[in-house]
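Q: Can you read through this structure? Questions will come right after.
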Amino acid sequence: MASHTPYSSNRKQGKANSTAARKTSTAKPSKLDRMIILLRQKNGVSLEELCKVTGWQSHSVRGAIAGSLKKKGHLITSEKIDSVRRYRIGDPS
């Protein structure tokens, strides 16, 4: 009979390989990364545009802004321009 590696060892090796694969330069930016790119535009971005890019509902986008992005130290501002609320990001503190 052939000897087998314990199942847990295979899992650990698989995790290491998948983690390395995510860190390659060809990895797609996360939805939060895409939000940050849009929020750094000169004119900012509307909630509707953020929903289209992420595929999330508006309450989820607002939650990401209020939670994840602010926790990362980003200063988020918003203003109404032509009756459309635009969000912008400042430099991380």
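Identifiers for the structure tokens are assigned positionally: chains receive A, B, ... in sequence, residues are indexed from 1 per chain, and ligands are indexed from 1 in the order shown.
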Give the helix (DSSP H, G or I) residues of range 37-88 of chain A, as DSSP finds them on the backbone, and put them as a list in words.
A: Ile37, Leu38, Leu39, Leu47, Glu48, Glu49, Leu50, Cys51, Lys52, Val53, Thr54, Ser58, His59, Ser60, Val61, Arg62, Gly63, Ala64, Ile65, Ala66, Gly67, Ser68, Leu69, Lys70 and Lys71 of chain A
Q: Find, counting only C-alpha atoms, the residue in A:Leu38, A:Cys51, A:Ser60, A:Ser68 that gets nearest to Ile89 in chain A.
A: A:Leu38
Q: Could you check the closest approach to His59 in chain A for each of A:Ala27, A:Met35, A:Leu47, A:Glu79 and tell me which residue wins, using only C-alpha atoms?
A: A:Leu47
Q: Take CA of Lys71 in chain A and CA of Ser83 in chain A and report the distance between them in Å, one decimal.
A: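 For CA of Lys71 in chain A relative to CA of Ser83 in chain A, the distance reads 28.4 Å.
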Q: State, in Å with one decimal place, the distance from CA of His74 in chain A to CA of Leu39 in chain A.
A: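 Result for CA of His74 in chain A versus CA of Leu39 in chain A: 10.3 Å, one decimal.
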Q: So that I can see what lies close to Arg62 in chain A, please list as number ranges by chain the residues with an atom at most 12 Å from it, counting only C-alpha atoms and leaving out residues fewer than 5 positions away in the same chain.
A: A: 32, 35, 46-48, 50-51, 54, 56-57, 67-70, 76, 78, 87
Q: Those same residues, written as a CSV table (one decimal), in the first residue's frame with all heavy atoms?
A:
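Saved result, out33.csv, follows:
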chain,number,residue,atom,x,y,z
A,32,LEU,N,-13.4,46.4,-1.9
A,32,LEU,CA,-13.0,47.6,-1.1
A,32,LEU,C,-11.9,48.4,-1.8
A,32,LEU,O,-11.9,49.6,-1.8
A,32,LEU,CB,-12.6,47.2,0.3
A,32,LEU,CG,-13.7,46.8,1.3
A,32,LEU,CD1,-13.1,46.3,2.6
A,32,LEU,CD2,-14.7,47.9,1.5
A,35,MET,N,-13.5,50.4,-4.5
A,35,MET,CA,-14.2,51.5,-3.9
A,35,MET,C,-13.3,52.6,-3.6
A,35,MET,O,-13.5,53.8,-3.8
A,35,MET,CB,-15.0,51.1,-2.6
A,35,MET,CG,-16.2,50.3,-2.8
A,35,MET,SD,-17.0,49.8,-1.3
A,35,MET,CE,-17.5,51.3,-0.6
A,46,SER,N,-20.7,58.6,-6.8
A,46,SER,CA,-22.1,58.5,-6.2
A,46,SER,C,-22.3,57.1,-5.6
A,46,SER,O,-21.6,56.2,-5.9
A,46,SER,CB,-23.1,58.8,-7.3
A,46,SER,OG,-23.2,57.7,-8.2
A,47,LEU,N,-23.3,57.0,-4.8
A,47,LEU,CA,-23.7,55.8,-4.2
A,47,LEU,C,-24.1,54.8,-5.3
A,47,LEU,O,-23.8,53.6,-5.2
A,47,LEU,CB,-24.8,56.0,-3.2
A,47,LEU,CG,-25.3,54.8,-2.4
A,47,LEU,CD1,-24.2,54.2,-1.5
A,47,LEU,CD2,-26.5,55.2,-1.5
A,48,GLU,N,-24.8,55.3,-6.3
A,48,GLU,CA,-25.3,54.4,-7.4
A,48,GLU,C,-24.1,53.8,-8.1
A,48,GLU,O,-24.1,52.6,-8.4
A,48,GLU,CB,-26.1,55.2,-8.3
A,48,GLU,CG,-26.7,54.4,-9.5
A,48,GLU,CD,-27.5,55.2,-10.4
A,48,GLU,OE1,-28.1,56.3,-10.0
A,48,GLU,OE2,-27.6,54.8,-11.6
A,50,LEU,N,-21.1,53.3,-6.9
A,50,LEU,CA,-20.4,52.3,-6.0
A,50,LEU,C,-21.2,51.0,-6.0
A,50,LEU,O,-20.6,49.9,-5.9
A,50,LEU,CB,-20.3,52.9,-4.6
A,50,LEU,CG,-19.2,54.0,-4.4
A,50,LEU,CD1,-19.4,54.6,-3.0
A,50,LEU,CD2,-17.8,53.4,-4.6
A,51,CYS,N,-22.5,51.1,-6.0
A,51,CYS,CA,-23.4,49.9,-6.1
A,51,CYS,C,-23.1,49.1,-7.3
A,51,CYS,O,-23.1,47.9,-7.3
A,51,CYS,CB,-24.9,50.3,-6.0
A,51,CYS,SG,-25.4,50.9,-4.3
A,54,THR,N,-19.6,47.3,-7.1
A,54,THR,CA,-19.4,46.2,-6.1
A,54,THR,C,-20.5,45.2,-6.3
A,54,THR,O,-20.3,44.0,-5.9
A,54,THR,CB,-19.6,46.8,-4.7
A,54,THR,OG1,-20.8,47.4,-4.5
A,54,THR,CG2,-18.4,47.8,-4.4
A,56,TRP,N,-23.2,45.4,-4.8
A,56,TRP,CA,-23.9,45.4,-3.4
A,56,TRP,C,-25.1,46.3,-3.5
A,56,TRP,O,-25.2,47.2,-4.3
A,56,TRP,CB,-23.0,45.9,-2.4
A,56,TRP,CG,-21.8,45.1,-2.1
A,56,TRP,CD1,-21.6,43.8,-2.4
A,56,TRP,CD2,-20.6,45.5,-1.4
A,56,TRP,NE1,-20.4,43.3,-2.0
A,56,TRP,CE2,-19.7,44.4,-1.4
A,56,TRP,CE3,-20.1,46.7,-0.9
A,56,TRP,CZ2,-18.5,44.4,-0.8
A,56,TRP,CZ3,-18.9,46.7,-0.3
A,56,TRP,CH2,-18.1,45.6,-0.3
A,57,GLN,N,-26.0,46.2,-2.5
A,57,GLN,CA,-27.1,47.1,-2.3
A,57,GLN,C,-26.6,48.3,-1.6
A,57,GLN,O,-25.5,48.3,-1.0
A,57,GLN,CB,-28.2,46.4,-1.5
A,57,GLN,CG,-28.8,45.2,-2.2
A,57,GLN,CD,-29.9,44.6,-1.4
A,57,GLN,OE1,-30.3,45.1,-0.3
A,57,GLN,NE2,-30.5,43.5,-1.9
A,67,GLY,N,-18.0,51.6,8.1
A,67,GLY,CA,-17.3,50.6,8.9
A,67,GLY,C,-15.9,50.3,8.4
A,67,GLY,O,-14.9,50.9,8.9
A,68,SER,N,-15.7,49.5,7.4
A,68,SER,CA,-14.4,49.0,6.9
A,68,SER,C,-13.5,50.2,6.6
A,68,SER,O,-12.3,50.2,7.0
A,68,SER,CB,-14.6,48.1,5.8
A,68,SER,OG,-15.3,47.0,6.1
A,69,LEU,N,-13.9,51.1,5.7
A,69,LEU,CA,-13.0,52.1,5.2
A,69,LEU,C,-12.6,53.1,6.3
A,69,LEU,O,-11.5,53.5,6.4
A,69,LEU,CB,-13.6,52.9,4.1
A,69,LEU,CG,-13.9,52.0,2.8
A,69,LEU,CD1,-14.5,52.8,1.7
A,69,LEU,CD2,-12.6,51.4,2.3
A,70,LYS,N,-13.6,53.5,7.2
A,70,LYS,CA,-13.2,54.4,8.3
A,70,LYS,C,-12.3,53.7,9.3
A,70,LYS,O,-11.4,54.3,9.9
A,70,LYS,CB,-14.5,54.9,9.0
A,70,LYS,CG,-15.1,56.0,8.1
A,70,LYS,CD,-16.3,56.7,8.8
A,70,LYS,CE,-16.9,57.8,8.0
A,70,LYS,NZ,-18.0,58.4,8.6
A,76,ILE,N,-13.7,60.0,5.1
A,76,ILE,CA,-14.7,60.0,4.0
A,76,ILE,C,-15.5,61.3,4.2
A,76,ILE,O,-16.0,61.6,5.2
A,76,ILE,CB,-15.7,58.8,4.1
A,76,ILE,CG1,-14.9,57.5,4.3
A,76,ILE,CG2,-16.6,58.7,3.0
A,76,ILE,CD1,-14.1,57.1,3.1
A,78,SER,N,-18.7,63.7,2.2
A,78,SER,CA,-19.8,63.7,1.2
A,78,SER,C,-20.4,65.0,1.0
A,78,SER,O,-20.4,65.8,2.0
A,78,SER,CB,-20.8,62.7,1.6
A,78,SER,OG,-21.6,63.1,2.7
A,87,TYR,N,-19.4,61.0,-2.7
A,87,TYR,CA,-18.5,60.6,-1.6
A,87,TYR,C,-17.1,60.7,-2.1
A,87,TYR,O,-16.8,60.4,-3.2
A,87,TYR,CB,-18.8,59.2,-1.2
A,87,TYR,CG,-20.2,59.0,-0.6
A,87,TYR,CD1,-21.3,58.7,-1.4
A,87,TYR,CD2,-20.4,59.1,0.8
A,87,TYR,CE1,-22.5,58.5,-0.8
A,87,TYR,CE2,-21.6,59.0,1.4
A,87,TYR,CZ,-22.7,58.7,0.5
A,87,TYR,OH,-24.0,58.5,1.1
